[in-house]
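This report concerns only the one structure given below.
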Amino acid sequence: MQRAKKKYMEFKALNIAEFLHGTIEGDENVSVNNVSKIEDGKPGTLAFLSNPKYERYIYETEASIVLVSNEFKPEQTVKATLIRVEDPYQAFASLLDLYEQGKQLKSGIEQPSFIDSSANLGENVYFGAFAYLGQNSSLGNNVNIYPQTFIGSGVIIGDNTTIYAGAKIYDGSVIGNNCIIHAGAVIGSDGFGFAPKPDGSYKKIPQVGNVILEDDVEVGANTTIDCSTMGSTIIRKGAKLDNLIQIAHNCEIGENTVIAALTGIAGSTKIGRNCMFGGHIGVAGHLTIGDNVKVGAMSGVSNNIKSGKTVLGVPAMDHEQALKSFVVFRRLPEMRDQLIDLQKEVTELKLNKQ
Amino acid sequence: MQRAKKKYMEFKALNIAEFLHGTIEGDENVSVNNVSKIEDGKPGTLAFLSNPKYERYIYETEASIVLVSNEFKPEQTVKATLIRVEDPYQAFASLLDLYEQGKQLKSGIEQPSFIDSSANLGENVYFGAFAYLGQNSSLGNNVNIYPQTFIGSGVIIGDNTTIYAGAKIYDGSVIGNNCIIHAGAVIGSDGFGFAPKPDGSYKKIPQVGNVILEDDVEVGANTTIDCSTMGSTIIRKGAKLDNLIQIAHNCEIGENTVIAALTGIAGSTKIGRNCMFGGHIGVAGHLTIGDNVKVGAMSGVSNNIKSGKTVLGVPAMDHEQALKSFVVFRRLPEMRDQLIDLQKEVTELKLNKQ
Amino acid sequence: MQRAKKKYMEFKALNIAEFLHGTIEGDENVSVNNVSKIEDGKPGTLAFLSNPKYERYIYETEASIVLVSNEFKPEQTVKATLIRVEDPYQAFASLLDLYEQGKQLKSGIEQPSFIDSSANLGENVYFGAFAYLGQNSSLGNNVNIYPQTFIGSGVIIGDNTTIYAGAKIYDGSVIGNNCIIHAGAVIGSDGFGFAPKPDGSYKKIPQVGNVILEDDVEVGANTTIDCSTMGSTIIRKGAKLDNLIQIAHNCEIGENTVIAALTGIAGSTKIGRNCMFGGHIGVAGHLTIGDNVKVGAMSGVSNNIKSGKTVLGVPAMDHEQALKSFVVFRRLPEMRDQLIDLQKEVTELKLNKQ
């Protein structure tokens, strides 16, 4: 098969050193068009050395440029061009940021696309081909709407928000500033609500609420967030949701809470702020989870959790307790055999006594 | 960030009371444009009081209108306009239904869209922009196809069915009347079937069957239903599937069975009617699950289940039994310590006896 | 509701026998337009009899044509036309293959679609309506891009690869030859990487890597594969991923490894070749899983696994051990009662001794 890498612009060591206020050792004209980890650096890439544990790699790396600290003293010959800076990791991060900022090159309305005549667009918007913007919806400034995105009626999208290809935003959703919504995510689909009828079939309960994403929220690829039955399903400021997550109707996810992939939160559950949820977790409906709660991957939460707790397991319990129970679980067959042996011995002792 | 709510039409208390055959107490000209729960009612919304437990909220609510029963006697001053009806919950539900019916305003073919010349459209169809309708496919009457939906070749879609934005219906799928398919759902993708080859690689087994959704089926956002290898994967009348569910090839889901999010059903498993499956359940392949079976969230079903059973756990067992085992599981470390103590005591008793 | 089947071309027994080098018994002019299992064969379909266990069905089947072995001797009257071949299953499989090859009838560029002027298309490409091909991207020969697919900038797609409707391929992805990507799959979304800030909020770590799919990879519907932070997330040759799977940033999935639906692999984990993963599995980050490893459905893998192992459970342990522990788990309440009884008996024995 063919191999390729993302095409980046080329930068010379000279320009990078200038941007970072660093000093060069080696060929100042060598150029790079990508980054790499020092341990698997390839020609044409830039790496950094921050953790002294990785020092040995600097003598082997094929990376063309390595950012090192002003204090770094090589013990062997280094093939790469070095750029000396105060904090190599920070310098590297600032280069990545620069790259990210440089990426947002697109703007304007690609054709064909569909923008309802009653919709409102801010300044410097990118609106991709085959994207759809419904009645009375509005986009803030510097918004990027990638191709094939659906935005229904009465949707409000704040400034600097990016929605990747093919995400679907149902009617009435409200999305804040600086949000990122990944491809295939669905915001505002109907909550899963049905009333049983006497004949065993179900009547759909109309879901007339909406979804609100506050500022700085990130929603992963193919994640689904249902609208509330009434009122709003709310994802608070700074919350980060990974891929393939289900947030059911009427939920609230607190500020700066992060949730890993394939986790599902059932209806009407409120999760506090600064929580960390692992992947593949199930949380039952109508629960209240406090602030700063940590839930281990693959847990099943069936009760409220107080702030500050760390839990694990199905059903979720104190994390330390769960780890101990897991250890014993592996030895259950052995324990059962020991118990049977004991029963025999005790029976024998009782018989002998008589 | 900006905040907004869905924009609804405004209704006066007067008109609502007339529609519900109710009687007004208070300002008959107050108007509402949304609904709310009584406990968090806001001005401009309509709430209802049905459960006496919630009575205290009627004295605090900011809702502009509250539906109450003819018998309700307020014990304090009520700020809201009251509309007295026989059954406030039913009256509220009928208002929601009215709202839902009013929502389906769109019809006609938005442009640009793609309709194969051999395709067939019923009357009063909405076909959104960037939607695709393949060869020899047909849509019934009153069908709503939202933008960016893909409908392959030889697909039949019944009357009154709604398919939301970006759902993908593969060739040969058959979808009944009154179905709802949410955004991003995929119907008819290839079953996961491969035959191992001597060199360790796999040969794809062609999946030439299809998917049939009978009438009144709802399919959640980003749920996937694979076509059968031969014949049909079938979702029976009235079944309701939540978001992010996987139904593998050759499965059959029985009438009025409901399945919550992130559950996966492996190939060739048949599930009976009126079952209730929680979220995050895994069901192994080639099983038969009876009617009226309940499976608790996060269970792993590895054996057939008889009709009427309620099961829980991994692997799934009788529900009561599982709950009891869960309780003991938490105390396993303690139990192990007790067992070790007993072993010592018994050894001592035996030694003393000698 | 209306019922329909996929529309296939009609074939006569005569033509099928000729293609298979088989001999006909019965009406050589009977025609079929679909296949079926012998146990639920319908008129107009072709079935096969390979396993002698199923012989009784050949006397009842409604299938119009049945493939049987040269040796087969009917014990009762058979209604169907028989075609005798050396190996009925192989013959059936070759008919399915023929059908599959015949299916790829589409080619050419449907309109409207979006192809950047800098993009490159091979020969005999199908590019569906509303599909998008970004800057400097290239498609190999015989590539099928279904409608509404998004292909970003700098993407390379090899020969004979098919991407179904609405899949989203982010910038810089590299996709090999003979790959199949199902509807709604997302390739190259941002890895889930955030650095905590002192105020409890998170700073996004730019994800500048890409995704590489080698040759012969299949990716299921709505599966998500994140790009790496730096370098590449890699799916090796011949790996098969089912629906709704999450592959996080910097992962590597080995050659010919198959993974069932709803499984999630956390960041930087490397999985070896020829592994088999069941459904609903969670694998923690930064692990190394060897070759030929089998992981049972619903397991949680929290440690490295050596080549050749079979594991099960949460946390995953040796498969046999897990099955034994599962058995004891069901009897935990009973075991606890036995333990309490023993404690009483031992206490009594000790008291009596004194």
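Just remember, in the structure tokens the first chain shown is A, the second B, etc., residues are 1-based per chain, and ligands are 1-based in the order shown.
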
- chain C residues near chain A (6 Å cut-off, only C-alpha atoms) as a PyMOL selection string: chain C and resi 154+172+176+201+230+325

- Message: Applying 6 Å and only C-alpha atoms, which residues near Asn304 of chain A remain after dropping the ones on its own chain fewer than 2 positions away? List them as a count of residues only.
- Response: 3

- Could you give me, as an MDAnalysis selection string, the residues within 8 Å of segment 190-194 of chain B, counting only C-alpha atoms and dropping anything in the same chain fewer than 4 positions from it? (chainID B and resid 202:207 226:229 248:249) or (chainID C and resid 182 242)

- Near Gln76 of chain C, within 8 Å and counting only C-alpha atoms, which residues show up once chain neighbours fewer than 2 positions away are dropped, as a PyMOL selection string? chain C and resi 59+74+78

The selected residues should be written to file as an mmCIF file, in the first residue's frame (atoms: N, CA and C atoms).
data_model
loop_
_atom_site.group_PDB
_atom_site.id
_atom_site.type_symbol
_atom_site.label_atom_id
_atom_site.label_comp_id
_atom_site.auth_asym_id
_atom_site.auth_seq_id
_atom_site.Cartn_x
_atom_site.Cartn_y
_atom_site.Cartn_z
ATOM 1 N N TYR C 59 -36.605 -32.497 2.034
ATOM 2 C CA TYR C 59 -37.896 -33.081 1.623
ATOM 3 C C TYR C 59 -39.065 -32.121 1.885
ATOM 4 N N PRO C 74 -31.407 -39.225 -2.297
ATOM 5 C CA PRO C 74 -32.641 -38.868 -1.578
ATOM 6 C C PRO C 74 -33.384 -40.115 -1.106
ATOM 7 N N VAL C 78 -38.122 -35.369 -3.676
ATOM 8 C CA VAL C 78 -37.670 -33.990 -3.488
ATOM 9 C C VAL C 78 -38.378 -33.128 -4.517
#

- Query: Residues of segment 81-284 of chain C in strand (DSSP E or B) according to DSSP, as an MDAnalysis selection string?
  - Reply: chainID C and resid 81:85 108:109 114:115 120:121 126:127 132:133 138:139 144:145 150:151 156:157 162:163 168:169 174:175 180:181 186:189 194:196 202:204 210:213 218:219 224:226 232:235 240:241 246:247 252:253 258:259 264:265 270:271 276:277 282:283

- Message: As an exercise, work out the distance from atom CA of Glu214 of chain A to atom CA of Ile156 of chain A in Å and give it to one decimal place.
- Response: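 Interatomic distance, atom CA of Glu214 of chain A to atom CA of Ile156 of chain A: 11.3 Å.
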
- Task: Would you return as a ChimeraX atom specification the members of segment 167-325 of chain C that DSSP assigns to helix (DSSP H, G or I) on this structure's backbone?
- Result: /C:319-325

- Query: Could you work out how far atom CA of Val125 of chain B lies from atom CA of Gly152 of chain A, giving the answer in Å with one decimal?
  - Reply: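 Computed distance, atom CA of Gly152 of chain A to atom CA of Val125 of chain B, equals 18.2 Å.
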
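Separating atom CA of Val143 of chain A from atom CA of Ser107 of chain A is a distance of 9.0 Å.
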
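Omitting segment 269-272 of chain B and its sequence neighbours fewer than 2 positions away, and counting only C-alpha atoms, the residues within 6 Å are Cys251, Glu252, Ile253, Gly254, Gly267, Gly285, His286, Leu287, Thr288, Ile289, Gly290 and Asp291 of chain B.
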
Same residues, all heavy atoms, output as a short mmCIF file (atom, residue, chain, number, x, y, z; two decimals), in the first residue's frame:
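New file part01.cif:
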data_model
loop_
_atom_site.label_atom_id
_atom_site.label_comp_id
_atom_site.auth_asym_id
_atom_site.auth_seq_id
_atom_site.Cartn_x
_atom_site.Cartn_y
_atom_site.Cartn_z
N CYS B 251 -30.45 -11.41 13.56
CA CYS B 251 -31.20 -11.31 14.82
C CYS B 251 -32.67 -11.06 14.55
O CYS B 251 -33.07 -10.61 13.46
CB CYS B 251 -30.68 -10.14 15.67
SG CYS B 251 -29.15 -10.53 16.52
N GLU B 252 -33.48 -11.36 15.56
CA GLU B 252 -34.88 -10.97 15.52
C GLU B 252 -35.23 -10.38 16.87
O GLU B 252 -34.97 -10.99 17.91
CB GLU B 252 -35.74 -12.21 15.22
CG GLU B 252 -37.19 -11.86 15.07
CD GLU B 252 -38.04 -13.08 14.72
OE1 GLU B 252 -37.56 -13.98 14.00
OE2 GLU B 252 -39.18 -13.13 15.22
N ILE B 253 -35.81 -9.19 16.86
CA ILE B 253 -36.21 -8.51 18.10
C ILE B 253 -37.73 -8.50 18.10
O ILE B 253 -38.36 -8.00 17.16
CB ILE B 253 -35.67 -7.06 18.15
CG1 ILE B 253 -34.15 -7.02 17.88
CG2 ILE B 253 -36.03 -6.40 19.47
CD1 ILE B 253 -33.30 -7.73 18.88
N GLY B 254 -38.34 -9.04 19.17
CA GLY B 254 -39.77 -9.28 19.20
C GLY B 254 -40.62 -8.02 19.36
O GLY B 254 -40.13 -6.94 19.72
N GLY B 267 -24.94 -12.16 16.73
CA GLY B 267 -25.61 -12.71 15.56
C GLY B 267 -26.56 -13.86 15.83
O GLY B 267 -26.33 -14.72 16.67
N GLY B 285 -24.37 -14.76 20.78
CA GLY B 285 -25.03 -15.13 19.53
C GLY B 285 -25.80 -16.44 19.64
O GLY B 285 -25.62 -17.22 20.57
N HIS B 286 -26.71 -16.66 18.71
CA HIS B 286 -27.42 -17.93 18.57
C HIS B 286 -28.22 -18.31 19.80
O HIS B 286 -28.40 -19.50 20.08
CB HIS B 286 -26.44 -19.06 18.21
CG HIS B 286 -25.76 -18.83 16.89
ND1 HIS B 286 -26.32 -19.24 15.70
CD2 HIS B 286 -24.61 -18.21 16.57
CE1 HIS B 286 -25.50 -18.87 14.70
NE2 HIS B 286 -24.47 -18.25 15.21
N LEU B 287 -28.70 -17.33 20.55
CA LEU B 287 -29.53 -17.62 21.73
C LEU B 287 -31.00 -17.39 21.42
O LEU B 287 -31.36 -16.71 20.46
CB LEU B 287 -29.13 -16.72 22.91
CG LEU B 287 -27.70 -16.86 23.42
CD1 LEU B 287 -27.49 -15.99 24.65
CD2 LEU B 287 -27.37 -18.32 23.76
N THR B 288 -31.84 -17.97 22.28
CA THR B 288 -33.28 -17.71 22.21
C THR B 288 -33.73 -17.15 23.54
O THR B 288 -33.59 -17.79 24.58
CB THR B 288 -34.04 -19.02 21.90
OG1 THR B 288 -33.56 -19.54 20.66
CG2 THR B 288 -35.54 -18.75 21.80
N ILE B 289 -34.24 -15.94 23.50
CA ILE B 289 -34.74 -15.26 24.70
C ILE B 289 -36.26 -15.24 24.57
O ILE B 289 -36.77 -14.82 23.52
CB ILE B 289 -34.20 -13.81 24.78
CG1 ILE B 289 -32.68 -13.75 24.53
CG2 ILE B 289 -34.60 -13.15 26.09
CD1 ILE B 289 -31.83 -14.44 25.54
N GLY B 290 -36.97 -15.66 25.60
CA GLY B 290 -38.42 -15.77 25.54
C GLY B 290 -39.14 -14.43 25.56
O GLY B 290 -38.54 -13.37 25.35
N ASP B 291 -40.45 -14.48 25.81
CA ASP B 291 -41.26 -13.27 25.90
C ASP B 291 -41.22 -12.71 27.33
O ASP B 291 -40.95 -13.42 28.29
CB ASP B 291 -42.72 -13.61 25.56
CG ASP B 291 -42.87 -14.17 24.15
OD1 ASP B 291 -42.02 -13.84 23.29
OD2 ASP B 291 -43.82 -14.93 23.92
#

- Between B:Glu55, B:Phe127, B:Leu46, B:Glu18, single out the one closest to Val85 of chain B, counting only C-alpha atoms.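 Nearest to Val85 of chain B: B:Glu18.
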